[in-house]
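Report on the structure given below.
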There are 2 protein chains.
Amino acid sequence: MASDFEAQLRAASLRVTRPRLAVLAALRDHPHVDTDTVISLVRADLPSVSHQAVYDVLRALTDAGLVRRIEPAGATARYESRVGDNHHHVVCRSCGAIADVDCAVGHTPCLTASDDHGFVIDEAEVVYWGTCPDCASRRIAQ
Amino acid sequence: MASDFEAQLRAASLRVTRPRLAVLAALRDHPHVDTDTVISLVRADLPSVSHQAVYDVLRALTDAGLVRRIEPAGATARYESRVGDNHHHVVCRSCGAIADVDCAVGHTPCLTASDDHGFVIDEAEVVYWGTCPDCASRRIAQ
DNA sequence: GTACAAAACTTGAATGATTCCAGTTTATGG
DNA sequence: CCATAAACTGGAATCATTCAAGTTTTGTAC
């Protein structure tokens, strides 16, 4: 487990530090968390980690491709450790909950735009907006 | 022109004010602009408009469905007056330029997620990420 | 094993888009 | 034309994120 994270970091030629291992563990256990939650989770193990360290770690891991940053409109940045499989997200408009959605049409299908305006496209990001089961039933019950 | 905007506002039961007409005109002439640019454009006509007025107007127009707010990850909010046709956007990673992309597969096609996790989905937003022609050629020329 | 240089981390201040608030002006229905 | 609710002004506050300077730690080379 922990050594797995160590291997991941070394493979990306990143130094192995306790804050980085703690962030990776936090993201494994809690998908789609925002920076503030990551800070809290990390501090459960390492109480004296600075917020700046977490910001630095998240940036380093994102740049290295070990985690993915997602940023639904109107929300703060969130992170997940599921990477490299071009999956998408459903976001609840009322509570902000996020769930993963596999690409329906196959592998990187959406990469085909009807008219790319000369842009060289390297990624298609899909966000499905709606209401999560919890919020939907809460609305009916009221 | 101007009276067209007036009709739009009245149809949405919004009061017709100069700041609102100016914002609508700015968005007609400049698609995909951020709030700060809207403020500058509006002040070209009405020098004494407060930034808060523009924020309020953009919110009112967005809520009324007269303009659409887009917020690519890592960028500030942008607005466009092309609404109601479920189109998408290509965003340049290096300069932030945005272009419109019609939905390739027909009308609201993307609304079908492979597994919706019980969410009631009402919109699928697609962002194509890449490099715009200008930035691409600049990179080659260097 | 020790030492060194680069990379990470700590602390604390700064930034910038956006929102909040109290008071004033303006648009619209009667 | 009047009254009232909606809009707007000016200015302060918020909050995620970044910047900056100094200290600690990691990995490596001797």
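The way I read the labels, and the way they are meant: chains A, B, ... in the order of the structure tokens, residue 1 as the first residue of every chain, and ligand 1 as the first ligand shown, with later ones counted on from there.
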Surrounding residues of DA8 (chain C) excluding itself and chain neighbours under 5 positions, 9 Å, only C-alpha atoms (C1' of nucleotides), as number ranges by chain | A: 15, 17, 53, 56; D: 24-26
Serialized selection, C-alpha atoms (C1' of nucleotides), as a compact mmCIF listing (two decimals), in the first residue's frame:
```txt
# COMPACT_ATOMS: atom_id res chain seq x y z
CA ARG A 15 10.99 12.57 -3.89
CA THR A 17 8.00 12.56 1.52
CA ALA A 53 2.65 21.94 1.45
CA ASP A 56 2.49 22.13 -3.55
C1' DT D 24 14.47 21.37 6.76
C1' DT D 25 14.77 17.07 4.33
C1' DT D 26 15.83 13.92 0.57
```
Give me, as a Markdown table, each residue of chain C that comes within 10 Å of chain B, together with its shortest interatomic pair and the distance in Å at one decimal, counting only C-alpha atoms (C1' of nucleotides), with rows ordered by chain and rising residue number.
```
| residue | atom | partner | partner_atom | distance |
| --- | --- | --- | --- | --- |
| C:DA17 | C1' | B:Thr76 | CA | 7.3 |
| C:DT18 | C1' | B:Tyr55 | CA | 8.5 |
| C:DT19 | C1' | B:Gln52 | CA | 9.2 |
| C:DT26 | C1' | B:Thr17 | CA | 8.6 |
| C:DA27 | C1' | B:Arg15 | CA | 6.7 |
| C:DT28 | C1' | B:Arg15 | CA | 8.0 |
```
Please, which residues of chain B, numbered as in this document, come out strand (DSSP E or B) from DSSP, as a list in words?
->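 Matching residues, listed in order: Val33, Asp34, Arg68, Arg69, Ile70, Arg78, Tyr79, Glu80, His88, His89, Val90, Val91, Cys92, Ile98, Ala99, Asp100, Val101, Val120, Ile121, Asp122, Glu123, Ala124, Glu125, Val126, Val127, Tyr128, Trp129, Gly130 and Thr131 of chain B.
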Go ahead and save the picked residues with N, CA and C atoms, as a short mmCIF file (atom, residue, chain, number, x, y, z; two decimals), in the first residue's frame.
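Once written, again38.cif looks like this:
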```
data_model
loop_
_atom_site.label_atom_id
_atom_site.label_comp_id
_atom_site.auth_asym_id
_atom_site.auth_seq_id
_atom_site.Cartn_x
_atom_site.Cartn_y
_atom_site.Cartn_z
N VAL B 33 -16.31 36.77 -23.33
CA VAL B 33 -15.50 37.71 -22.55
C VAL B 33 -15.69 37.49 -21.05
N ASP B 34 -14.66 37.83 -20.29
CA ASP B 34 -14.76 37.70 -18.84
C ASP B 34 -15.38 38.96 -18.25
N ARG B 68 -25.23 33.01 -21.17
CA ARG B 68 -24.74 31.75 -20.60
C ARG B 68 -23.39 31.98 -19.99
N ARG B 69 -23.18 31.43 -18.83
CA ARG B 69 -21.92 31.57 -18.13
C ARG B 69 -21.08 30.34 -18.43
N ILE B 70 -19.84 30.54 -18.85
CA ILE B 70 -18.96 29.40 -19.04
C ILE B 70 -17.72 29.62 -18.19
N ARG B 78 -16.65 33.43 -17.91
CA ARG B 78 -16.86 34.13 -19.16
C ARG B 78 -18.32 34.02 -19.55
N TYR B 79 -18.76 34.94 -20.40
CA TYR B 79 -20.18 34.96 -20.75
C TYR B 79 -20.37 35.04 -22.24
N GLU B 80 -21.50 34.50 -22.71
CA GLU B 80 -21.81 34.58 -24.13
C GLU B 80 -23.31 34.72 -24.26
N HIS B 88 -21.01 23.59 -27.59
CA HIS B 88 -19.89 23.38 -26.68
C HIS B 88 -18.73 24.32 -27.03
N HIS B 89 -17.58 24.09 -26.38
CA HIS B 89 -16.46 25.01 -26.58
C HIS B 89 -15.11 24.30 -26.70
N VAL B 90 -14.24 24.89 -27.53
CA VAL B 90 -12.84 24.49 -27.57
C VAL B 90 -12.07 25.56 -26.83
N VAL B 91 -11.18 25.16 -25.94
CA VAL B 91 -10.41 26.12 -25.17
C VAL B 91 -8.92 25.88 -25.41
N CYS B 92 -8.20 26.98 -25.70
CA CYS B 92 -6.76 26.87 -25.91
C CYS B 92 -6.05 26.82 -24.55
N ILE B 98 -11.29 30.90 -26.82
CA ILE B 98 -12.44 30.00 -26.84
C ILE B 98 -13.15 30.10 -28.17
N ALA B 99 -13.56 28.97 -28.72
CA ALA B 99 -14.37 28.98 -29.94
C ALA B 99 -15.56 28.05 -29.73
N ASP B 100 -16.63 28.31 -30.46
CA ASP B 100 -17.82 27.49 -30.34
C ASP B 100 -17.70 26.21 -31.15
N VAL B 101 -18.31 25.16 -30.64
CA VAL B 101 -18.35 23.89 -31.35
C VAL B 101 -19.78 23.37 -31.28
N VAL B 120 -30.30 12.50 -11.84
CA VAL B 120 -31.19 12.96 -12.89
C VAL B 120 -30.42 14.01 -13.68
N ILE B 121 -29.97 13.65 -14.87
CA ILE B 121 -29.09 14.52 -15.65
C ILE B 121 -29.90 15.46 -16.52
N ASP B 122 -29.57 16.76 -16.49
CA ASP B 122 -30.31 17.70 -17.32
C ASP B 122 -29.42 18.42 -18.33
N GLU B 123 -28.12 18.25 -18.22
CA GLU B 123 -27.24 18.91 -19.17
C GLU B 123 -25.92 18.18 -19.26
N ALA B 124 -25.38 18.12 -20.46
CA ALA B 124 -24.04 17.58 -20.64
C ALA B 124 -23.19 18.68 -21.25
N GLU B 125 -22.13 19.02 -20.54
CA GLU B 125 -21.27 20.12 -20.95
C GLU B 125 -19.97 19.51 -21.45
N VAL B 126 -19.57 19.89 -22.66
CA VAL B 126 -18.33 19.35 -23.21
C VAL B 126 -17.32 20.46 -23.40
N VAL B 127 -16.11 20.27 -22.91
CA VAL B 127 -15.03 21.21 -23.15
C VAL B 127 -13.91 20.48 -23.86
N TYR B 128 -13.59 20.94 -25.07
CA TYR B 128 -12.47 20.38 -25.81
C TYR B 128 -11.24 21.20 -25.48
N TRP B 129 -10.19 20.54 -25.02
CA TRP B 129 -8.95 21.23 -24.67
C TRP B 129 -7.92 21.01 -25.76
N GLY B 130 -7.18 22.08 -26.08
CA GLY B 130 -6.16 21.92 -27.11
C GLY B 130 -5.36 23.19 -27.30
N THR B 131 -4.86 23.37 -28.51
CA THR B 131 -4.05 24.53 -28.82
C THR B 131 -4.67 25.24 -30.02
#
```
Fit target chain B, mobile chain A, all Cα in order, as a PDB file with C-alpha atoms, in the first residue's frame:
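Saved result, selection08.pdb, follows:
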```
ATOM      1  CA  MET A   1     -30.981  46.363 -32.244  1.00  0.00           C
ATOM      2  CA  ALA A   2     -31.254  48.203 -28.983  1.00  0.00           C
ATOM      3  CA  SER A   3     -35.005  47.715 -29.020  1.00  0.00           C
ATOM      4  CA  ASP A   4     -34.349  44.044 -29.629  1.00  0.00           C
ATOM      5  CA  PHE A   5     -32.507  43.865 -26.311  1.00  0.00           C
ATOM      6  CA  GLU A   6     -35.341  45.800 -24.726  1.00  0.00           C
ATOM      7  CA  ALA A   7     -37.807  43.204 -25.980  1.00  0.00           C
ATOM      8  CA  GLN A   8     -35.622  40.391 -24.678  1.00  0.00           C
ATOM      9  CA  LEU A   9     -35.487  41.974 -21.240  1.00  0.00           C
ATOM     10  CA  ARG A  10     -39.218  42.604 -21.118  1.00  0.00           C
ATOM     11  CA  ALA A  11     -39.937  39.063 -22.289  1.00  0.00           C
ATOM     12  CA  ALA A  12     -37.942  37.866 -19.287  1.00  0.00           C
ATOM     13  CA  SER A  13     -39.823  40.349 -17.078  1.00  0.00           C
ATOM     14  CA  LEU A  14     -36.625  42.180 -16.276  1.00  0.00           C
ATOM     15  CA  ARG A  15     -36.554  45.945 -16.036  1.00  0.00           C
ATOM     16  CA  VAL A  16     -34.930  47.753 -18.928  1.00  0.00           C
ATOM     17  CA  THR A  17     -31.917  49.680 -17.682  1.00  0.00           C
ATOM     18  CA  ARG A  18     -28.945  51.199 -19.431  1.00  0.00           C
ATOM     19  CA  PRO A  19     -26.400  48.890 -17.767  1.00  0.00           C
ATOM     20  CA  ARG A  20     -28.353  45.849 -18.922  1.00  0.00           C
ATOM     21  CA  LEU A  21     -28.657  47.094 -22.499  1.00  0.00           C
ATOM     22  CA  ALA A  22     -24.936  47.882 -22.520  1.00  0.00           C
ATOM     23  CA  VAL A  23     -24.021  44.422 -21.231  1.00  0.00           C
ATOM     24  CA  LEU A  24     -26.189  42.743 -23.868  1.00  0.00           C
ATOM     25  CA  ALA A  25     -24.571  44.859 -26.585  1.00  0.00           C
ATOM     26  CA  ALA A  26     -21.097  44.060 -25.280  1.00  0.00           C
ATOM     27  CA  LEU A  27     -21.809  40.330 -25.327  1.00  0.00           C
ATOM     28  CA  ARG A  28     -23.307  40.497 -28.821  1.00  0.00           C
ATOM     29  CA  ASP A  29     -20.114  42.132 -30.124  1.00  0.00           C
ATOM     30  CA  HIS A  30     -17.624  40.161 -28.024  1.00  0.00           C
ATOM     31  CA  PRO A  31     -18.398  36.514 -27.396  1.00  0.00           C
ATOM     32  CA  HIS A  32     -16.667  34.667 -24.539  1.00  0.00           C
ATOM     33  CA  VAL A  33     -15.516  37.706 -22.559  1.00  0.00           C
ATOM     34  CA  ASP A  34     -14.770  37.691 -18.852  1.00  0.00           C
ATOM     35  CA  THR A  35     -16.415  39.972 -16.319  1.00  0.00           C
ATOM     36  CA  ASP A  36     -13.569  42.440 -16.278  1.00  0.00           C
ATOM     37  CA  THR A  37     -13.732  42.893 -20.037  1.00  0.00           C
ATOM     38  CA  VAL A  38     -17.487  43.328 -19.857  1.00  0.00           C
ATOM     39  CA  ILE A  39     -16.956  46.077 -17.297  1.00  0.00           C
ATOM     40  CA  SER A  40     -14.501  47.868 -19.604  1.00  0.00           C
ATOM     41  CA  LEU A  41     -16.792  47.516 -22.612  1.00  0.00           C
ATOM     42  CA  VAL A  42     -19.797  48.781 -20.707  1.00  0.00           C
ATOM     43  CA  ARG A  43     -17.847  51.750 -19.362  1.00  0.00           C
ATOM     44  CA  ALA A  44     -16.974  52.807 -22.898  1.00  0.00           C
ATOM     45  CA  ASP A  45     -20.643  53.786 -23.131  1.00  0.00           C
ATOM     46  CA  LEU A  46     -21.535  54.408 -19.501  1.00  0.00           C
ATOM     47  CA  PRO A  47     -18.381  55.508 -17.691  1.00  0.00           C
ATOM     48  CA  SER A  48     -19.873  55.506 -14.234  1.00  0.00           C
ATOM     49  CA  VAL A  49     -21.232  51.973 -14.053  1.00  0.00           C
ATOM     50  CA  SER A  50     -20.032  50.144 -10.963  1.00  0.00           C
ATOM     51  CA  HIS A  51     -18.409  46.747 -11.133  1.00  0.00           C
ATOM     52  CA  GLN A  52     -21.106  45.488  -8.811  1.00  0.00           C
ATOM     53  CA  ALA A  53     -23.786  46.552 -11.299  1.00  0.00           C
ATOM     54  CA  VAL A  54     -22.121  44.460 -13.998  1.00  0.00           C
ATOM     55  CA  TYR A  55     -21.899  41.456 -11.675  1.00  0.00           C
ATOM     56  CA  ASP A  56     -25.584  41.911 -10.803  1.00  0.00           C
ATOM     57  CA  VAL A  57     -26.598  42.295 -14.436  1.00  0.00           C
ATOM     58  CA  LEU A  58     -24.644  39.227 -15.542  1.00  0.00           C
ATOM     59  CA  ARG A  59     -26.269  37.208 -12.798  1.00  0.00           C
ATOM     60  CA  ALA A  60     -29.760  38.444 -13.641  1.00  0.00           C
ATOM     61  CA  LEU A  61     -29.277  37.778 -17.345  1.00  0.00           C
ATOM     62  CA  THR A  62     -27.815  34.348 -16.655  1.00  0.00           C
ATOM     63  CA  ASP A  63     -30.674  33.415 -14.333  1.00  0.00           C
ATOM     64  CA  ALA A  64     -33.150  34.593 -16.958  1.00  0.00           C
ATOM     65  CA  GLY A  65     -31.409  32.487 -19.602  1.00  0.00           C
ATOM     66  CA  LEU A  66     -30.510  35.467 -21.790  1.00  0.00           C
ATOM     67  CA  VAL A  67     -26.798  34.803 -21.467  1.00  0.00           C
ATOM     68  CA  ARG A  68     -24.762  31.770 -20.600  1.00  0.00           C
ATOM     69  CA  ARG A  69     -21.936  31.581 -18.128  1.00  0.00           C
ATOM     70  CA  ILE A  70     -18.966  29.407 -19.033  1.00  0.00           C
ATOM     71  CA  GLU A  71     -16.140  28.656 -16.683  1.00  0.00           C
ATOM     72  CA  PRO A  72     -13.311  26.580 -18.089  1.00  0.00           C
ATOM     73  CA  ALA A  73     -11.145  25.029 -15.380  1.00  0.00           C
ATOM     74  CA  GLY A  74      -8.469  27.399 -14.163  1.00  0.00           C
ATOM     75  CA  ALA A  75     -10.005  30.487 -15.750  1.00  0.00           C
ATOM     76  CA  THR A  76     -12.356  33.184 -14.550  1.00  0.00           C
ATOM     77  CA  ALA A  77     -16.005  33.168 -15.602  1.00  0.00           C
ATOM     78  CA  ARG A  78     -16.855  34.137 -19.166  1.00  0.00           C
ATOM     79  CA  TYR A  79     -20.179  34.963 -20.744  1.00  0.00           C
ATOM     80  CA  GLU A  80     -21.820  34.578 -24.131  1.00  0.00           C
ATOM     81  CA  SER A  81     -25.172  35.576 -25.538  1.00  0.00           C
ATOM     82  CA  ARG A  82     -25.571  32.525 -27.761  1.00  0.00           C
ATOM     83  CA  VAL A  83     -28.001  30.479 -25.722  1.00  0.00           C
ATOM     84  CA  GLY A  84     -30.508  27.704 -26.028  1.00  0.00           C
ATOM     85  CA  ASP A  85     -28.709  25.591 -28.606  1.00  0.00           C
ATOM     86  CA  ASN A  86     -26.613  23.280 -26.440  1.00  0.00           C
ATOM     87  CA  HIS A  87     -23.336  24.050 -28.132  1.00  0.00           C
ATOM     88  CA  HIS A  88     -19.905  23.374 -26.682  1.00  0.00           C
ATOM     89  CA  HIS A  89     -16.471  25.016 -26.574  1.00  0.00           C
ATOM     90  CA  VAL A  90     -12.852  24.478 -27.562  1.00  0.00           C
ATOM     91  CA  VAL A  91     -10.427  26.120 -25.158  1.00  0.00           C
ATOM     92  CA  CYS A  92      -6.780  26.872 -25.898  1.00  0.00           C
ATOM     93  CA  ARG A  93      -4.541  25.661 -23.088  1.00  0.00           C
ATOM     94  CA  SER A  94      -1.899  28.301 -23.657  1.00  0.00           C
ATOM     95  CA  CYS A  95      -3.821  31.518 -24.327  1.00  0.00           C
ATOM     96  CA  GLY A  96      -7.328  30.692 -23.126  1.00  0.00           C
ATOM     97  CA  ALA A  97      -8.996  31.489 -26.438  1.00  0.00           C
ATOM     98  CA  ILE A  98     -12.462  29.986 -26.813  1.00  0.00           C
ATOM     99  CA  ALA A  99     -14.388  28.975 -29.921  1.00  0.00           C
ATOM    100  CA  ASP A 100     -17.844  27.485 -30.324  1.00  0.00           C
ATOM    101  CA  VAL A 101     -18.366  23.881 -31.341  1.00  0.00           C
ATOM    102  CA  ASP A 102     -21.716  22.537 -32.386  1.00  0.00           C
ATOM    103  CA  CYS A 103     -22.818  19.275 -30.926  1.00  0.00           C
ATOM    104  CA  ALA A 104     -21.528  16.642 -33.310  1.00  0.00           C
ATOM    105  CA  VAL A 105     -23.993  13.864 -32.767  1.00  0.00           C
ATOM    106  CA  GLY A 106     -27.261  15.728 -33.065  1.00  0.00           C
ATOM    107  CA  HIS A 107     -29.429  17.374 -30.509  1.00  0.00           C
ATOM    108  CA  THR A 108     -28.435  16.996 -26.830  1.00  0.00           C
ATOM    109  CA  PRO A 109     -26.770  13.691 -27.650  1.00  0.00           C
ATOM    110  CA  CYS A 110     -24.240  13.640 -24.920  1.00  0.00           C
ATOM    111  CA  LEU A 111     -27.024  13.569 -22.352  1.00  0.00           C
ATOM    112  CA  THR A 112     -26.669   9.820 -22.318  1.00  0.00           C
ATOM    113  CA  ALA A 113     -24.189   8.745 -19.701  1.00  0.00           C
ATOM    114  CA  SER A 114     -23.038   5.134 -19.601  1.00  0.00           C
ATOM    115  CA  ASP A 115     -24.012   4.859 -15.938  1.00  0.00           C
ATOM    116  CA  ASP A 116     -25.766   7.787 -14.349  1.00  0.00           C
ATOM    117  CA  HIS A 117     -25.425   6.496 -10.740  1.00  0.00           C
ATOM    118  CA  GLY A 118     -29.062   7.418 -10.168  1.00  0.00           C
ATOM    119  CA  PHE A 119     -28.474  11.064 -10.971  1.00  0.00           C
ATOM    120  CA  VAL A 120     -31.192  12.885 -12.896  1.00  0.00           C
ATOM    121  CA  ILE A 121     -29.092  14.455 -15.640  1.00  0.00           C
ATOM    122  CA  ASP A 122     -30.323  17.621 -17.310  1.00  0.00           C
ATOM    123  CA  GLU A 123     -27.258  18.831 -19.176  1.00  0.00           C
ATOM    124  CA  ALA A 124     -24.051  17.521 -20.640  1.00  0.00           C
ATOM    125  CA  GLU A 125     -21.278  20.064 -20.954  1.00  0.00           C
ATOM    126  CA  VAL A 126     -18.333  19.310 -23.205  1.00  0.00           C
ATOM    127  CA  VAL A 127     -15.044  21.187 -23.145  1.00  0.00           C
ATOM    128  CA  TYR A 128     -12.479  20.369 -25.800  1.00  0.00           C
ATOM    129  CA  TRP A 129      -8.965  21.239 -24.659  1.00  0.00           C
ATOM    130  CA  GLY A 130      -6.177  21.926 -27.097  1.00  0.00           C
ATOM    131  CA  THR A 131      -4.060  24.542 -28.807  1.00  0.00           C
ATOM    132  CA  CYS A 132      -5.461  27.301 -30.981  1.00  0.00           C
ATOM    133  CA  PRO A 133      -4.066  27.963 -34.481  1.00  0.00           C
ATOM    134  CA  ASP A 134      -2.215  31.094 -33.317  1.00  0.00           C
ATOM    135  CA  CYS A 135      -0.469  29.391 -30.414  1.00  0.00           C
ATOM    136  CA  ALA A 136       0.290  26.315 -32.510  1.00  0.00           C
ATOM    137  CA  SER A 137       2.059  28.300 -35.240  1.00  0.00           C
ATOM    138  CA  ARG A 138       3.819  30.461 -32.670  1.00  0.00           C
ATOM    139  CA  ARG A 139       5.177  27.323 -31.080  1.00  0.00           C
ATOM    140  CA  ILE A 140       6.548  26.035 -34.378  1.00  0.00           C
ATOM    141  CA  ALA A 141       8.059  29.404 -35.328  1.00  0.00           C
ATOM    142  CA  GLN A 142       9.332  30.051 -31.821  1.00  0.00           C
TER     143      GLN A 142
END
```
Check every residue of chain D for an atom within 12 Å of chain A, counting only C-alpha atoms (C1' of nucleotides), and provide those that qualify as JSON, numbers by chain.
-> {"D": [15, 16, 17, 18, 19, 25, 26, 27]}
Using backbone DSSP assignments, extract all alpha helix (DSSP H) residues from chain A; output them as number ranges by chain.
-> A: 2-11, 18-29, 35-45, 51-64, 133-141
